[in-house]
Amino acid sequence: MKLTWLDVRGAAAKQALLEEALHQRLDGIVSDTLADLGDLPPTVKKIFFPHGTELKELPDDLGAADVVIVDPRVHGTPAELSAVYPGVEFGRFVEIVDAQTLEDACQSARTEEWSLLLFRDPTKIPLEIVIAAAAGAEGSLITVAGDVAEAEIIFGVLEHGSDGVMMAPNAVGDATALKQASAVVTQPLDLVELTVVATEHVGMGERACVDTCSHFREDEGILVGSHSKGMILCVSETHPLPYMPTRPFRVNAGAIHSYTLSRDGRTHYLSELKSGSKVMAVDVKGQTRIVTVGRVKIESRPLISIDAKSDDGRAVNLILQDDWHVRVLGPGGAVLNSTELKPGDRVLGYLPAEDRHVGYPINEFCLEK
């Protein structure tokens, strides 16, 4: 999880925003008023940030704050202030507008415990430079985001991203969205081996190729299944074919009614995916990441139904395009042509425990056949 700081300086409906932030367990509350921080519980970091106020000298008592962010041009450096206020954590604010302030940001990222950075230009190249300069540093890099969409980008810059984001909410609900955006590291899944029990040619239907904006590895694909409680790992088209080039961004995923996983354990039908949707890429070890859909191709093709069972008897079904170049993954990363599967073959799958309601996991009675 990345750090999430909510900036409530000058915010309307401040109390409602604070309640939402605490409920969502955001990491920090940022205010230019110590009184806003005094009643906050110890579960949230209290950040005093007087930038933009007329406060040129810090108060004698900073006890309500866990961290104080200062502009060295106004208040002095964190090192100087630490000598005056023993026991208080200080961080440095840098507004990046040119080459010199970019160098100031790099220096802060290398040396300070906390660096709060505001980039005035929309390009993310300066942030990339700061992240690279801070490689191996022990401090935390917090970047100001204008909204949740920008926060998601900041979290992913250079694949490492900023350690955290500070965002001023426009309305109640923004804190929740920011917390969701911070979960850029997905949890691994416990894949299981399934035994194929039957295959059947089921005639024509529509299948979906999911083209993503990412390059899949050879042992990676997406989980697909006819039922919400059982899916099979469909491999991407990273493996050579005799009649066409590889398309390492694509998974020939299955019939359009099928489920696949996305973030937060939610499922989506293949038919509802579109440009900009998110799906979960999964490798044979169960490691996961979220990738962005660039396009979904739905076309009429002959289909094949694959029935499999787990060792404890749970049934799984997957309907794929009926063509040998459409493949699934087996134990050890074995690449298996779907039309050559036979009873007794072993494939990799996933068995979610929950039923689904509009894609969200829910514990209720649901019979799928």
# chains A, B, ... in the order shown; residues from 1 in each chain; ligands from 1
$ residues_around --residues "Thr33 (chain A)" --least-positions-apart "4" --cutoff "8 Å" --atoms "only C-alpha atoms" --output "mmCIF file with C-alpha atoms, in the first residue's frame"
data_model
loop_
_atom_site.group_PDB
_atom_site.id
_atom_site.type_symbol
_atom_site.label_atom_id
_atom_site.label_comp_id
_atom_site.auth_asym_id
_atom_site.auth_seq_id
_atom_site.Cartn_x
_atom_site.Cartn_y
_atom_site.Cartn_z
ATOM 1 C CA ARG A 9 -6.604 22.990 4.560
ATOM 2 C CA LEU A 37 -5.064 17.697 14.520
ATOM 3 C CA PHE A 48 1.066 20.280 10.206
ATOM 4 C CA PRO A 50 1.530 25.969 7.287
#
$ closest_atom_pairs --of "region 185-297 of chain A" --to "region 336-355 of chain A" --cutoff "7 Å" --atoms "only C-alpha atoms" --output "Markdown table"
| residue | atom | partner | partner_atom | distance |
| --- | --- | --- | --- | --- |
| A:Asp190 | CA | A:Tyr350 | CA | 6.9 |
| A:Leu191 | CA | A:Tyr350 | CA | 5.0 |
| A:Val192 | CA | A:Gly349 | CA | 5.4 |
| A:Glu193 | CA | A:Leu348 | CA | 4.8 |
| A:Leu194 | CA | A:Val347 | CA | 5.2 |
| A:Thr195 | CA | A:Arg346 | CA | 4.7 |
| A:Val196 | CA | A:Pro343 | CA | 4.8 |
| A:Val197 | CA | A:Pro343 | CA | 4.5 |
| A:Ala198 | CA | A:Pro343 | CA | 5.6 |
| A:Thr199 | CA | A:Lys342 | CA | 6.9 |
| A:Ser228 | CA | A:Asp355 | CA | 6.4 |
| A:Lys229 | CA | A:Pro352 | CA | 4.9 |
| A:Gly230 | CA | A:Leu351 | CA | 4.6 |
| A:Met231 | CA | A:Tyr350 | CA | 5.2 |
| A:Ile232 | CA | A:Gly349 | CA | 4.1 |
| A:Leu233 | CA | A:Gly349 | CA | 5.5 |
$ write_last_selection --atoms "C-alpha atoms" --output "compact mmCIF listing (two decimals), in the first residue's frame"
# COMPACT_ATOMS: atom_id res chain seq x y z
CA ASP A 190 -3.60 -19.42 -4.22
CA LEU A 191 -3.77 -21.26 -7.53
CA VAL A 192 -4.75 -24.93 -7.55
CA GLU A 193 -4.31 -27.80 -9.96
CA LEU A 194 -7.50 -28.93 -11.66
CA THR A 195 -8.09 -32.20 -13.48
CA VAL A 196 -9.84 -32.12 -16.85
CA VAL A 197 -12.84 -34.45 -16.81
CA ALA A 198 -14.45 -33.74 -20.20
CA THR A 199 -14.31 -31.55 -23.31
CA SER A 228 -17.76 -17.20 -10.33
CA LYS A 229 -16.36 -19.92 -8.05
CA GLY A 230 -14.00 -21.53 -10.55
CA MET A 231 -11.60 -20.18 -13.18
CA ILE A 232 -8.79 -21.50 -15.37
CA LEU A 233 -5.58 -19.62 -16.19
$ select_by_dssp --residues "region 228-362 of chain A" --states "helix (DSSP H, G or I)" --output "ChimeraX atom specification"
/A:263-265,270-272,331-333,338-340
$ closest_atom_pairs --of "region 156-219 of chain A" --to "region 235-258 of chain A" --cutoff "8 Å" --atoms "only C-alpha atoms" --output "CSV"
residue,atom,partner,partner_atom,distance
A:Gly205,CA,A:Ala255,CA,7.1
A:Glu206,CA,A:Ala255,CA,5.8
A:Arg207,CA,A:Ala255,CA,4.1
A:Ala208,CA,A:Gly254,CA,5.7
A:Cys209,CA,A:Asn252,CA,4.3
A:Val210,CA,A:Val251,CA,5.3
A:Asp211,CA,A:Arg250,CA,4.4
A:Thr212,CA,A:Phe249,CA,5.3
A:Cys213,CA,A:Phe249,CA,6.6
A:Ser214,CA,A:Phe249,CA,5.6
A:His215,CA,A:Phe249,CA,5.0
A:Phe216,CA,A:Pro248,CA,5.5
A:Arg217,CA,A:Thr238,CA,7.0
A:Glu218,CA,A:Thr238,CA,5.6
A:Asp219,CA,A:Val235,CA,7.2
$ closest_residue --among "A:Leu178, A:Ile290, A:Ala315, A:Leu320" --to "Asp147 (chain A)" --atoms "only C-alpha atoms"
A:Leu178
$ closest_residue --among "A:Leu127, A:Val94, A:Ala308, A:Ala151" --to "Arg73 (chain A)" --atoms "only C-alpha atoms"
A:Val94
$ closest_residue --among "A:Leu34, A:Val84, A:Ala105, A:Ala149" --to "Val67 (chain A)" --atoms "only C-alpha atoms"
A:Leu34
$ atom_distance --atom1 "CA of Asp174 (chain A)" --atom2 "CA of Pro188 (chain A)"
27.2 Å
$ residues_around --residues "region 166-169 of chain A" --least-positions-apart "6" --cutoff "8 Å" --atoms "only C-alpha atoms" --output "list in words"
Thr4, Trp5, Leu6, Asp7, Val8, Arg9, Ala11, Leu17, Ile142, Thr143, Val144, Ala145, Gly146, Asp147, Val148, Ala151 and Ala175 of chain A
$ residues_around --residues "Leu81 (chain A)" --least-positions-apart "3" --cutoff "12 Å" --atoms "only C-alpha atoms" --output "number ranges by chain"
A: 57-60, 62, 68-72, 74-78, 84-92
$ residues_around --residues "Glu128 (chain A)" --least-positions-apart "4" --cutoff "10 Å" --atoms "only C-alpha atoms" --output "VMD selection string"
chain A and resid 123 to 124 132 to 134 154 157 to 162
$ write_last_selection --atoms "C-alpha atoms" --output "PDB file, in the first residue's frame"
ATOM      1  CA  THR A 123       4.715  16.237 -17.262  1.00  0.00           C
ATOM      2  CA  LYS A 124       5.793  13.410 -14.953  1.00  0.00           C
ATOM      3  CA  ALA A 132      15.573   7.804  -9.603  1.00  0.00           C
ATOM      4  CA  ALA A 133      17.676  10.217  -7.518  1.00  0.00           C
ATOM      5  CA  ALA A 134      16.096   8.881  -4.318  1.00  0.00           C
ATOM      6  CA  ILE A 154       1.885   9.107  -9.508  1.00  0.00           C
ATOM      7  CA  VAL A 157       5.699   6.341 -12.212  1.00  0.00           C
ATOM      8  CA  LEU A 158       8.853   4.350 -13.087  1.00  0.00           C
ATOM      9  CA  GLU A 159       6.998   1.236 -11.864  1.00  0.00           C
ATOM     10  CA  HIS A 160       7.991   2.237  -8.304  1.00  0.00           C
ATOM     11  CA  GLY A 161       5.948   5.393  -7.933  1.00  0.00           C
ATOM     12  CA  SER A 162       6.044   7.989  -5.222  1.00  0.00           C
TER      13      SER A 162
END
$ select_by_dssp --residues "region 130-357 of chain A" --states "strand (DSSP E)" --output "ChimeraX atom specification"
/A:140-145,164-167,192-212,220-227,230-235,250-255,259-261,267-269,278-283,288-309,315-321,327-329,335-337,346-350,355-357
$ closest_residue --among "A:Gly156, A:Pro122, A:Gly63, A:Pro41" --to "Lys2 (chain A)" --atoms "only C-alpha atoms"
A:Gly156
$ closest_residue --among "A:Val316, A:Met204, A:Ala181, A:Arg327" --to "Asp264 (chain A)" --atoms "only C-alpha atoms"
A:Ala181
$ residues_around --residues "region 136-140 of chain A" --least-positions-apart "2" --cutoff "7 Å" --atoms "only C-alpha atoms" --output "ChimeraX atom specification"
/A:109-110,112-115,134,142,163
$ closest_atom_pairs --of "region 288-321 of chain A" --to "region 275-278 of chain A" --cutoff "6 Å" --atoms "only C-alpha atoms" --output "tab-separated table"
residue	atom	partner	partner_atom	distance
A:Val291	CA	A:Lys278	CA	5.7
A:Thr292	CA	A:Lys278	CA	4.7
A:Val293	CA	A:Ser277	CA	5.1
A:Gly294	CA	A:Ser275	CA	4.6
A:Arg295	CA	A:Ser275	CA	5.0
$ atom_distance --atom1 "CA of Cys234 (chain A)" --atom2 "CA of Gly203 (chain A)"
20.3 Å
$ atom_distance --atom1 "CA of Val44 (chain A)" --atom2 "CA of Ala171 (chain A)"
20.1 Å
